[in-house]
Amino acid sequence: MTPEEKCTEGSLGERCEVVVRLVAQACSGGASGAGTVTVVRGAHPSDREKARRLAWDKVTVQAVEAAVRDALKGTILIEE
């Protein structure tokens, strides 16, 4: 799992984007698959840390599970 954060200051205040990329590797060989949690954003008028936390709060268990399923599907499809 590889998280990436990008925080910037914009005209409306602090803004952070978070992307989480996953890679799954098959046990029986070199096949792998990838999945990505949708880009999520958080914003706050004056506090970068709050904007960052707001973005991370949107990375839900359901979103991570969906990305893991996509990554695992990639390993199965390659193996067949």
# chains A, B, ... in the order shown; residues from 1 in each chain; ligands from 1
>>> select_by_dssp(residues="chain A", states="strand (DSSP E or B)", output="NGL selection string")
:A and (2-10 or 13-25 or 32-44)
>>> residues_around(residues="A:Ala43", least_positions_apart="4", cutoff="6 Å", atoms="only C-alpha atoms", output="list in words")
Glu14, Arg15 and Ala51 of chain A
>>> closest_atom_pairs(of="stretch 13-60 of chain A", to="stretch 65-69 of chain A", cutoff="7 Å", atoms="only C-alpha atoms", output="JSON lines")
{"residue": "A:Leu22", "atom": "CA", "partner": "A:Val68", "partner_atom": "CA", "distance": 6.7}
{"residue": "A:Gly35", "atom": "CA", "partner": "A:Ala67", "partner_atom": "CA", "distance": 4.6}
{"residue": "A:Thr36", "atom": "CA", "partner": "A:Ala67", "partner_atom": "CA", "distance": 5.4}
{"residue": "A:Val37", "atom": "CA", "partner": "A:Ala67", "partner_atom": "CA", "distance": 5.6}
>>> atom_distance(atom1="atom CA of A:Leu54", atom2="atom CA of A:Gly13")
13.5 Å
>>> closest_residue(among="A:Val64, A:Ala55, A:Ala26, A:Val40", to="A:Met1", atoms="only C-alpha atoms")
A:Val64
